[in-house]
>>> print(open('work.cif').read())   # mmCIF, C-alpha atoms
data_data
loop_
_atom_site.group_PDB
_atom_site.id
_atom_site.type_symbol
_atom_site.label_atom_id
_atom_site.label_comp_id
_atom_site.auth_asym_id
_atom_site.auth_seq_id
_atom_site.Cartn_x
_atom_site.Cartn_y
_atom_site.Cartn_z
ATOM 1 C CA MET C 1 -16.609 -22.784 -15.381
ATOM 2 C CA LYS C 2 -16.298 -20.083 -17.993
ATOM 3 C CA ALA C 3 -17.429 -17.405 -15.573
ATOM 4 C CA SER C 4 -14.914 -18.655 -13.018
ATOM 5 C CA ARG C 5 -12.077 -18.519 -15.570
ATOM 6 C CA GLY C 6 -13.095 -14.959 -16.456
ATOM 7 C CA LEU C 7 -13.042 -14.062 -12.783
ATOM 8 C CA HIS C 8 -9.517 -15.467 -12.443
ATOM 9 C CA PHE C 9 -8.337 -13.588 -15.508
ATOM 10 C CA LYS C 10 -9.613 -10.210 -14.360
ATOM 11 C CA THR C 11 -8.275 -10.829 -10.839
ATOM 12 C CA TYR C 12 -4.775 -11.622 -12.177
ATOM 13 C CA LEU C 13 -4.881 -8.679 -14.567
ATOM 14 C CA LEU C 14 -5.775 -6.211 -11.811
ATOM 15 C CA ILE C 15 -3.189 -7.648 -9.387
ATOM 16 C CA PHE C 16 -0.604 -7.275 -12.179
ATOM 17 C CA LEU C 17 -1.593 -3.611 -12.592
ATOM 18 C CA MET C 18 -1.307 -3.122 -8.802
ATOM 19 C CA VAL C 19 2.149 -4.679 -8.672
ATOM 20 C CA ILE C 20 3.428 -2.430 -11.487
ATOM 21 C CA PHE C 21 1.730 0.911 -10.789
ATOM 22 C CA GLY C 22 2.001 0.916 -6.966
ATOM 23 C CA PRO C 23 5.837 0.655 -6.915
ATOM 24 C CA LEU C 24 6.162 2.919 -9.983
ATOM 25 C CA GLY C 25 4.118 5.579 -8.174
ATOM 26 C CA ASN C 26 6.296 5.376 -5.064
ATOM 27 C CA VAL C 27 9.491 5.639 -7.116
ATOM 28 C CA LEU C 28 8.166 8.676 -9.030
ATOM 29 C CA LEU C 29 7.161 10.342 -5.750
ATOM 30 C CA GLY C 30 10.655 9.682 -4.424
ATOM 31 C CA LYS C 31 12.209 11.196 -7.537
ATOM 32 C CA GLY C 32 9.953 14.254 -7.354
ATOM 33 C CA MET C 33 10.487 14.821 -3.621
ATOM 34 C CA LYS C 34 14.271 14.598 -3.973
ATOM 35 C CA ARG C 35 14.036 17.477 -6.454
ATOM 36 C CA VAL C 36 11.675 19.472 -4.229
ATOM 37 C CA GLY C 37 14.191 19.176 -1.417
ATOM 38 C CA ALA C 38 14.092 18.267 2.260
ATOM 39 C CA ALA C 39 10.695 18.927 3.822
ATOM 40 C CA SER C 40 10.715 21.412 6.681
ATOM 41 C CA PHE C 41 7.752 22.236 8.896
ATOM 42 C CA GLU C 42 9.067 25.127 10.973
ATOM 43 C CA SER C 43 6.402 27.714 10.059
ATOM 44 C CA VAL C 44 3.107 27.981 8.165
ATOM 45 C CA PRO C 45 4.595 29.939 5.199
ATOM 46 C CA GLU C 46 7.311 27.302 4.896
ATOM 47 C CA ILE C 47 4.699 24.520 4.793
ATOM 48 C CA LEU C 48 2.653 26.407 2.158
ATOM 49 C CA ASN C 49 5.802 27.024 0.123
ATOM 50 C CA LEU C 50 6.663 23.333 0.322
ATOM 51 C CA LEU C 51 3.134 22.358 -0.727
ATOM 52 C CA GLY C 52 3.377 24.744 -3.685
ATOM 53 C CA ARG C 53 6.651 23.217 -4.865
ATOM 54 C CA VAL C 54 5.182 19.707 -4.472
ATOM 55 C CA LEU C 55 2.101 20.584 -6.532
ATOM 56 C CA MET C 56 4.224 22.192 -9.288
ATOM 57 C CA SER C 57 6.266 19.030 -9.834
ATOM 58 C CA GLY C 58 5.314 17.056 -12.953
ATOM 59 C CA THR C 59 7.085 13.956 -11.639
ATOM 60 C CA ILE C 60 4.955 14.000 -8.501
ATOM 61 C CA TRP C 61 1.774 14.280 -10.568
ATOM 62 C CA LEU C 62 2.917 11.290 -12.664
ATOM 63 C CA GLY C 63 3.488 9.446 -9.384
ATOM 64 C CA ILE C 64 0.024 10.418 -8.140
ATOM 65 C CA GLY C 65 -1.434 9.219 -11.472
ATOM 66 C CA SER C 66 0.336 5.865 -11.056
ATOM 67 C CA LEU C 67 -0.905 5.530 -7.486
ATOM 68 C CA ILE C 68 -4.474 6.381 -8.570
ATOM 69 C CA THR C 69 -4.228 3.623 -11.224
ATOM 70 C CA PHE C 70 -2.931 1.275 -8.502
ATOM 71 C CA PHE C 71 -5.691 2.344 -6.143
ATOM 72 C CA ALA C 72 -8.461 1.954 -8.761
ATOM 73 C CA ALA C 73 -7.236 -1.591 -9.570
ATOM 74 C CA TYR C 74 -7.034 -2.344 -5.843
ATOM 75 C CA MET C 75 -10.565 -1.143 -5.090
ATOM 76 C CA LEU C 76 -12.024 -2.951 -8.110
ATOM 77 C CA VAL C 77 -10.390 -6.258 -7.179
ATOM 78 C CA LEU C 78 -11.547 -5.889 -3.557
ATOM 79 C CA SER C 79 -15.130 -5.652 -4.745
ATOM 80 C CA TRP C 80 -15.079 -9.412 -5.474
ATOM 81 C CA ALA C 81 -11.818 -10.900 -4.135
ATOM 82 C CA ASP C 82 -10.965 -11.282 -0.427
ATOM 83 C CA TYR C 83 -8.538 -8.869 1.219
ATOM 84 C CA SER C 84 -6.694 -11.913 2.576
ATOM 85 C CA TYR C 85 -6.234 -13.163 -1.007
ATOM 86 C CA VAL C 86 -5.187 -9.857 -2.569
ATOM 87 C CA GLN C 87 -2.729 -8.932 0.199
ATOM 88 C CA PRO C 88 -0.313 -11.886 -0.284
ATOM 89 C CA ALA C 89 -0.681 -11.756 -4.061
ATOM 90 C CA SER C 90 0.589 -8.184 -4.018
ATOM 91 C CA SER C 91 3.559 -9.016 -1.750
ATOM 92 C CA VAL C 92 5.862 -9.092 -4.782
ATOM 93 C CA ALA C 93 5.408 -5.287 -4.954
ATOM 94 C CA TYR C 94 8.103 -4.958 -2.255
ATOM 95 C CA ALA C 95 10.637 -6.548 -4.586
ATOM 96 C CA VAL C 96 9.436 -4.462 -7.534
ATOM 97 C CA VAL C 97 9.845 -1.219 -5.576
ATOM 98 C CA ALA C 98 13.464 -2.056 -4.669
ATOM 99 C CA LEU C 99 14.195 -3.041 -8.276
ATOM 100 C CA LEU C 100 12.652 0.138 -9.721
ATOM 101 C CA ALA C 101 14.383 2.345 -7.130
ATOM 102 C CA HIS C 102 17.671 0.756 -8.149
ATOM 103 C CA LEU C 103 17.061 1.033 -11.904
ATOM 104 C CA MET C 104 15.322 4.433 -12.084
ATOM 105 C CA LEU C 105 16.847 6.324 -9.139
ATOM 106 C CA ARG C 106 20.226 4.571 -8.982
ATOM 107 C CA GLU C 107 19.636 3.865 -5.302
ATOM 108 C CA VAL C 108 22.218 1.538 -3.802
ATOM 109 C CA VAL C 109 20.473 -1.651 -2.672
ATOM 110 C CA THR C 110 22.991 -3.680 -0.687
ATOM 111 C CA PRO C 111 22.852 -7.526 -0.709
ATOM 112 C CA THR C 112 21.716 -7.460 2.946
ATOM 113 C CA ARG C 113 18.851 -5.206 1.953
ATOM 114 C CA TRP C 114 17.844 -7.499 -0.946
ATOM 115 C CA ILE C 115 17.694 -10.432 1.463
ATOM 116 C CA GLY C 116 15.564 -8.274 3.771
ATOM 117 C CA VAL C 117 13.189 -7.420 0.911
ATOM 118 C CA ILE C 118 12.880 -11.105 -0.058
ATOM 119 C CA LEU C 119 12.136 -12.028 3.584
ATOM 120 C CA ILE C 120 9.417 -9.346 3.625
ATOM 121 C CA CYS C 121 7.846 -10.806 0.447
ATOM 122 C CA MET C 122 7.930 -14.318 1.947
ATOM 123 C CA GLY C 123 6.501 -13.070 5.226
ATOM 124 C CA VAL C 124 3.614 -11.292 3.515
ATOM 125 C CA LEU C 125 2.941 -14.467 1.519
ATOM 126 C CA VAL C 126 2.794 -16.567 4.710
ATOM 127 C CA VAL C 127 0.601 -14.018 6.511
ATOM 128 C CA GLY C 128 -1.887 -14.146 3.644
ATOM 129 C CA HIS C 129 -2.140 -17.935 3.586
ATOM 130 C CA THR C 130 -3.897 -18.110 6.925
ATOM 131 C CA PRO C 131 -7.615 -18.527 7.598
ATOM 132 C CA PRO C 132 -9.431 -15.298 6.723
ATOM 133 C CA ARG C 133 -11.850 -15.616 9.639
ATOM 134 C CA THR C 134 -11.064 -16.770 13.168
ATOM 135 C CA THR C 135 -13.900 -15.081 15.035
ATOM 136 C CA GLU C 136 -17.383 -16.602 14.971
ATOM 137 C CA PRO C 137 -20.025 -14.276 13.549
ATOM 138 C CA SER C 138 -22.404 -13.471 16.410
ATOM 139 C CA MET L 1 11.680 11.792 16.380
ATOM 140 C CA ARG L 2 9.735 13.472 13.563
ATOM 141 C CA VAL L 3 10.810 10.704 11.196
ATOM 142 C CA LEU L 4 9.439 8.140 13.646
ATOM 143 C CA ILE L 5 6.064 9.933 13.762
ATOM 144 C CA PHE L 6 5.868 9.884 9.952
ATOM 145 C CA TYR L 7 6.585 6.137 9.876
ATOM 146 C CA LEU L 8 3.903 5.580 12.527
ATOM 147 C CA LEU L 9 1.403 7.649 10.494
ATOM 148 C CA ILE L 10 2.159 5.769 7.262
ATOM 149 C CA ILE L 11 1.784 2.401 9.001
ATOM 150 C CA GLY L 12 -1.137 3.225 11.312
ATOM 151 C CA ALA L 13 -3.261 5.588 9.200
ATOM 152 C CA GLY L 14 -2.412 3.679 6.008
ATOM 153 C CA THR L 15 -3.547 0.296 7.360
ATOM 154 C CA ALA L 16 -6.702 1.713 8.978
ATOM 155 C CA GLY L 17 -7.515 3.566 5.756
ATOM 156 C CA GLU L 18 -7.169 0.407 3.650
ATOM 157 C CA LEU L 19 -9.458 -1.522 5.973
ATOM 158 C CA CYS L 20 -12.103 1.241 5.733
ATOM 159 C CA VAL L 21 -11.890 1.266 1.941
ATOM 160 C CA ALA L 22 -12.082 -2.554 1.763
ATOM 161 C CA ARG L 23 -15.213 -2.362 3.899
ATOM 162 C CA SER L 24 -16.821 0.270 1.686
ATOM 163 C CA MET L 25 -16.088 -1.721 -1.501
ATOM 164 C CA LYS L 26 -17.772 -4.761 0.035
ATOM 165 C CA ALA L 27 -20.799 -2.548 0.681
ATOM 166 C CA VAL L 28 -20.790 -1.449 -2.979
ATOM 167 C CA GLY L 29 -20.641 -5.043 -4.233
ATOM 168 C CA GLU L 30 -18.797 -6.822 -7.058
ATOM 169 C CA VAL L 31 -17.948 -4.663 -10.059
ATOM 170 C CA LYS L 32 -18.817 -6.768 -13.126
ATOM 171 C CA ASP L 33 -18.938 -4.270 -15.973
ATOM 172 C CA PHE L 34 -15.562 -2.864 -17.026
ATOM 173 C CA ARG L 35 -16.684 -0.463 -19.760
ATOM 174 C CA PRO L 36 -15.444 3.084 -18.994
ATOM 175 C CA THR L 37 -18.959 4.507 -18.606
ATOM 176 C CA ALA L 38 -19.913 1.709 -16.208
ATOM 177 C CA LEU L 39 -16.722 2.257 -14.192
ATOM 178 C CA LEU L 40 -17.526 5.972 -13.930
ATOM 179 C CA ALA L 41 -21.009 5.071 -12.716
ATOM 180 C CA VAL L 42 -19.461 3.114 -9.827
ATOM 181 C CA ILE L 43 -17.719 6.246 -8.473
ATOM 182 C CA PRO L 44 -20.804 8.037 -7.064
ATOM 183 C CA ARG L 45 -21.921 4.763 -5.436
ATOM 184 C CA VAL L 46 -18.504 4.402 -3.781
ATOM 185 C CA LEU L 47 -18.572 8.029 -2.606
ATOM 186 C CA ARG L 48 -21.970 7.545 -0.959
ATOM 187 C CA VAL L 49 -20.518 5.024 1.510
ATOM 188 C CA PRO L 50 -19.263 6.887 4.630
ATOM 189 C CA TRP L 51 -16.420 4.362 5.087
ATOM 190 C CA THR L 52 -14.900 5.618 1.819
ATOM 191 C CA TRP L 53 -14.456 9.128 3.266
ATOM 192 C CA ILE L 54 -12.977 7.945 6.541
ATOM 193 C CA GLY L 55 -10.652 5.675 4.560
ATOM 194 C CA LEU L 56 -9.600 8.415 2.119
ATOM 195 C CA THR L 57 -8.854 10.866 4.957
ATOM 196 C CA LEU L 58 -6.642 8.304 6.692
ATOM 197 C CA MET L 59 -4.915 7.332 3.447
ATOM 198 C CA GLY L 60 -4.354 11.020 2.618
ATOM 199 C CA THR L 61 -2.622 11.491 5.969
ATOM 200 C CA ALA L 62 -0.427 8.468 5.227
ATOM 201 C CA PHE L 63 0.295 9.849 1.731
ATOM 202 C CA PHE L 64 1.606 13.218 2.930
ATOM 203 C CA SER L 65 3.702 11.515 5.595
ATOM 204 C CA LEU L 66 5.192 9.351 2.843
ATOM 205 C CA LEU L 67 5.996 12.457 0.759
ATOM 206 C CA ALA L 68 7.744 14.072 3.737
ATOM 207 C CA LEU L 69 9.901 10.978 4.314
ATOM 208 C CA LEU L 70 10.728 10.561 0.616
ATOM 209 C CA SER L 71 12.156 14.098 0.541
ATOM 210 C CA THR L 72 15.139 12.830 2.522
ATOM 211 C CA GLU L 73 15.071 9.006 2.563
ATOM 212 C CA ASN L 74 15.542 6.398 -0.181
ATOM 213 C CA VAL L 75 12.465 4.756 -1.707
ATOM 214 C CA SER L 76 14.115 1.328 -1.336
ATOM 215 C CA PHE L 77 14.344 2.025 2.407
ATOM 216 C CA VAL L 78 11.022 3.726 3.236
ATOM 217 C CA VAL L 79 8.651 1.355 1.412
ATOM 218 C CA PRO L 80 10.056 -1.927 2.855
ATOM 219 C CA VAL L 81 9.990 -0.454 6.386
ATOM 220 C CA THR L 82 6.276 0.312 5.996
ATOM 221 C CA ALA L 83 5.756 -3.476 5.724
ATOM 222 C CA LEU L 84 5.799 -3.384 9.543
ATOM 223 C CA SER L 85 2.073 -2.706 9.128
ATOM 224 C CA TYR L 86 1.631 -6.500 8.964
ATOM 225 C CA GLY L 87 2.955 -6.723 12.507
ATOM 226 C CA VAL L 88 0.705 -3.867 13.643
ATOM 227 C CA GLY L 89 -2.225 -5.589 11.927
ATOM 228 C CA ALA L 90 -1.606 -8.891 13.712
ATOM 229 C CA LEU L 91 -1.151 -7.214 17.127
ATOM 230 C CA GLY L 92 -4.248 -5.044 16.543
ATOM 231 C CA GLY L 93 -6.239 -8.099 15.463
ATOM 232 C CA LYS L 94 -5.284 -9.975 18.621
ATOM 233 C CA PHE L 95 -5.521 -7.280 21.286
ATOM 234 C CA PHE L 96 -8.034 -4.860 19.781
ATOM 235 C CA LEU L 97 -10.428 -7.120 17.874
ATOM 236 C CA GLY L 98 -9.968 -10.320 19.897
ATOM 237 C CA GLU L 99 -9.055 -12.399 16.827
ATOM 238 C CA GLN L 100 -7.102 -15.599 17.184
ATOM 239 C CA VAL L 101 -3.870 -15.007 15.328
ATOM 240 C CA THR L 102 -2.631 -18.402 14.121
ATOM 241 C CA ARG L 103 0.966 -19.569 14.629
ATOM 242 C CA ARG L 104 1.420 -19.503 10.897
ATOM 243 C CA ARG L 105 0.400 -15.862 10.766
ATOM 244 C CA TRP L 106 2.820 -14.982 13.578
ATOM 245 C CA ALA L 107 5.528 -16.804 11.620
ATOM 246 C CA GLY L 108 4.763 -14.611 8.603
ATOM 247 C CA VAL L 109 4.836 -11.458 10.724
ATOM 248 C CA LEU L 110 8.160 -12.586 12.199
ATOM 249 C CA LEU L 111 9.593 -13.044 8.685
ATOM 250 C CA VAL L 112 8.417 -9.540 7.737
ATOM 251 C CA CYS L 113 10.003 -8.049 10.879
ATOM 252 C CA ALA L 114 13.265 -9.923 10.237
ATOM 253 C CA GLY L 115 13.203 -8.606 6.668
ATOM 254 C CA VAL L 116 12.666 -5.015 7.855
ATOM 255 C CA ALA L 117 15.513 -5.428 10.356
ATOM 256 C CA LEU L 118 17.825 -6.511 7.501
ATOM 257 C CA VAL L 119 16.662 -3.600 5.330
ATOM 258 C CA ILE L 120 17.535 -1.198 8.167
ATOM 259 C CA ALA L 121 20.832 -2.990 8.849
ATOM 260 C CA GLY L 122 21.729 -3.024 5.140
ATOM 261 C CA ARG L 123 21.893 0.733 4.911
ATOM 262 C CA GLY L 124 24.664 1.089 2.353
#
>>> encode(input="work.cif", output="structure tokens")
Amino acid sequence: MKASRGLHFKTYLLIFLMVIFGPLGNVLLGKGMKRVGAASFESVPEILNLLGRVLMSGTIWLGIGSLITFFAAYMLVLSWADYSYVQPASSVAYAVVALLAHLMLREVVTPTRWIGVILICMGVLVVGHTPPRTTEPS
Amino acid sequence: MRVLIFYLLIIGAGTAGELCVARSMKAVGEVKDFRPTALLAVIPRVLRVPWTWIGLTLMGTAFFSLLALLSTENVSFVVPVTALSYGVGALGGKFFLGEQVTRRRWAGVLLVCAGVALVIAGRG
């Protein structure tokens, strides 16, 4: 029983880290890219110039750091928990990303859009609560 | 048109990449020791699984597509729209892998799609 409780604790802890650092990473990338400016892909020098500006942005590196933290937590939790368990548990990330975008980037999130985000969270939750295997192993 | 291609890359390459990585972590096995040195020791084992590299390439493609979109679009718009990957996953499961997608799962996918529709409609 003790081992099982430990397993639950580390699963919840890592899902918590995923739900915080995934959205935070996306918001930081958004902030950094807005400063870099609209991406244009007309010629090779332009693409290299764009890449240079992206790699010089501290905000983007912070975002990448957040996403690496998210990704490390995600991979670790997948080493013991089922994908079909982790996926719905992390559905709340869609609400967190809208909230952070509103608070940190002052993005306007209209009521219609909030309802849409909540529907997405509910949908992901329902998708996850279905049998993980429907094909017979041959 | 270009914007549409980026969304398709985020959804398609991102989902395929995650599946590859999930597969490689199952091959590595449960990580039980969380001390920093033990975690570092896991990395070379993960990198030896070919699925990791396929997954990382796909996820990298999705990442740069996301960056391109975020240079012009709002985060609170782009990220919710990428939830359409659940619909792609269900369709791919049914028609590509021959899985039986339950009614309940379709209901969830429908909710996600309705949510994305509202996010697009709620453009302030």
>>> resolve_selection(input="work.cif", expression="the PyMOL selection byres ((chain L) within 6 of (chain C))", output="list in words")
Met25, Lys26, Gly29, Glu30, Ala68, Leu70, Ser71, Thr72, Val75, Ser76, Glu99, Gln100, Arg105, Gly108, Val109, Leu111, Val112, Gly115, Val116, Leu118, Val119, Gly122 and Gly124 of chain L
>>> resolve_selection(input="work.cif", expression="the PyMOL selection byres ((chain L and resi 7-12) around 8)", output="list in words")
Val3, Leu4, Ile5, Phe6, Ala13, Gly14, Thr15, Ala16, Thr61, Ala62, Phe63, Ser65, Leu66, Thr82, Ala83, Leu84, Ser85 and Val88 of chain L
>>> atom_distance(input="work.cif", atom1="atom CA of Lys94 of chain L", atom2="atom CA of Ala114 of chain L")
20.4 Å
>>> atom_distance(input="work.cif", atom1="atom CA of Val31 of chain L", atom2="atom CA of Phe16 of chain C")
17.7 Å
>>> atom_distance(input="work.cif", atom1="atom CA of Phe21 of chain C", atom2="atom CA of Ala73 of chain C")
9.4 Å
>>> residues_around(input="work.cif", residues="Met18 of chain C", least_positions_apart="3", cutoff="8 Å", atoms="only C-alpha atoms", output="list in words")
Leu14, Ile15, Phe21, Gly22, Thr69, Phe70, Phe71, Ala73, Tyr74 and Ser90 of chain C
>>> residues_around(input="work.cif", residues="Val21 of chain L", least_positions_apart="4", cutoff="8 Å", atoms="all atoms listed in the file", output="list in words")
Met75 of chain C; Gly17, Met25, Trp51, Thr52, Gly55 and Leu56 of chain L
>>> decode(input="work.cif", residues="segment 113-124 of chain L", atoms="all heavy atoms", output="mmCIF file, in the first residue's frame")
data_model
loop_
_atom_site.group_PDB
_atom_site.id
_atom_site.type_symbol
_atom_site.label_atom_id
_atom_site.label_comp_id
_atom_site.auth_asym_id
_atom_site.auth_seq_id
_atom_site.Cartn_x
_atom_site.Cartn_y
_atom_site.Cartn_z
ATOM 1 N N CYS L 113 -13.929 19.650 -30.369
ATOM 2 C CA CYS L 113 -14.127 20.385 -31.619
ATOM 3 C C CYS L 113 -15.071 21.572 -31.410
ATOM 4 O O CYS L 113 -14.837 22.665 -31.947
ATOM 5 C CB CYS L 113 -14.671 19.462 -32.706
ATOM 6 S SG CYS L 113 -13.470 18.222 -33.195
ATOM 7 N N ALA L 114 -16.136 21.357 -30.612
ATOM 8 C CA ALA L 114 -17.061 22.449 -30.316
ATOM 9 C C ALA L 114 -16.315 23.568 -29.584
ATOM 10 O O ALA L 114 -16.505 24.759 -29.870
ATOM 11 C CB ALA L 114 -18.225 21.939 -29.475
ATOM 12 N N GLY L 115 -15.447 23.165 -28.635
ATOM 13 C CA GLY L 115 -14.666 24.142 -27.893
ATOM 14 C C GLY L 115 -13.753 24.949 -28.818
ATOM 15 O O GLY L 115 -13.673 26.177 -28.719
ATOM 16 N N VAL L 116 -13.079 24.257 -29.745
ATOM 17 C CA VAL L 116 -12.189 24.947 -30.686
ATOM 18 C C VAL L 116 -13.000 25.909 -31.559
ATOM 19 O O VAL L 116 -12.571 27.044 -31.806
ATOM 20 C CB VAL L 116 -11.416 23.923 -31.553
ATOM 21 C CG1 VAL L 116 -10.653 24.633 -32.670
ATOM 22 C CG2 VAL L 116 -10.458 23.119 -30.695
ATOM 23 N N ALA L 117 -14.190 25.467 -31.988
ATOM 24 C CA ALA L 117 -15.044 26.323 -32.805
ATOM 25 C C ALA L 117 -15.373 27.619 -32.049
ATOM 26 O O ALA L 117 -15.320 28.716 -32.610
ATOM 27 C CB ALA L 117 -16.323 25.585 -33.195
ATOM 28 N N LEU L 118 -15.689 27.471 -30.741
ATOM 29 C CA LEU L 118 -16.008 28.667 -29.933
ATOM 30 C C LEU L 118 -14.773 29.559 -29.765
ATOM 31 O O LEU L 118 -14.892 30.789 -29.787
ATOM 32 C CB LEU L 118 -16.534 28.250 -28.556
ATOM 33 C CG LEU L 118 -17.993 27.787 -28.509
ATOM 34 C CD1 LEU L 118 -18.383 27.458 -27.085
ATOM 35 C CD2 LEU L 118 -18.902 28.870 -29.070
ATOM 36 N N VAL L 119 -13.598 28.927 -29.587
ATOM 37 C CA VAL L 119 -12.375 29.721 -29.452
ATOM 38 C C VAL L 119 -12.134 30.531 -30.722
ATOM 39 O O VAL L 119 -11.769 31.712 -30.659
ATOM 40 C CB VAL L 119 -11.164 28.788 -29.160
ATOM 41 C CG1 VAL L 119 -9.843 29.535 -29.358
ATOM 42 C CG2 VAL L 119 -11.230 28.267 -27.727
ATOM 43 N N ILE L 120 -12.384 29.908 -31.886
ATOM 44 C CA ILE L 120 -12.197 30.629 -33.156
ATOM 45 C C ILE L 120 -13.272 31.719 -33.296
ATOM 46 O O ILE L 120 -12.972 32.861 -33.669
ATOM 47 C CB ILE L 120 -12.261 29.639 -34.343
ATOM 48 C CG1 ILE L 120 -11.063 28.689 -34.276
ATOM 49 C CG2 ILE L 120 -12.250 30.399 -35.680
ATOM 50 C CD1 ILE L 120 -11.110 27.548 -35.256
ATOM 51 N N ALA L 121 -14.510 31.372 -32.922
ATOM 52 C CA ALA L 121 -15.607 32.334 -33.040
ATOM 53 C C ALA L 121 -15.443 33.508 -32.075
ATOM 54 O O ALA L 121 -15.874 34.623 -32.356
ATOM 55 C CB ALA L 121 -16.939 31.640 -32.791
ATOM 56 N N GLY L 122 -14.782 33.223 -30.926
ATOM 57 C CA GLY L 122 -14.682 34.254 -29.874
ATOM 58 C C GLY L 122 -13.512 35.186 -30.072
ATOM 59 O O GLY L 122 -13.047 35.796 -29.116
ATOM 60 N N ARG L 123 -13.038 35.280 -31.273
ATOM 61 C CA ARG L 123 -11.919 36.173 -31.570
ATOM 62 C C ARG L 123 -12.331 37.615 -31.248
ATOM 63 O O ARG L 123 -13.161 38.189 -31.941
ATOM 64 C CB ARG L 123 -11.594 36.014 -33.053
ATOM 65 C CG ARG L 123 -10.213 36.460 -33.384
ATOM 66 C CD ARG L 123 -9.759 35.781 -34.669
ATOM 67 N NE ARG L 123 -8.311 35.764 -34.691
ATOM 68 C CZ ARG L 123 -7.593 35.153 -35.601
ATOM 69 N NH1 ARG L 123 -8.196 34.473 -36.539
ATOM 70 N NH2 ARG L 123 -6.297 35.196 -35.553
ATOM 71 N N GLY L 124 -11.725 38.162 -30.215
ATOM 72 C CA GLY L 124 -12.193 39.457 -29.704
ATOM 73 C C GLY L 124 -11.800 40.660 -30.548
ATOM 74 O O GLY L 124 -10.941 40.590 -31.370
#
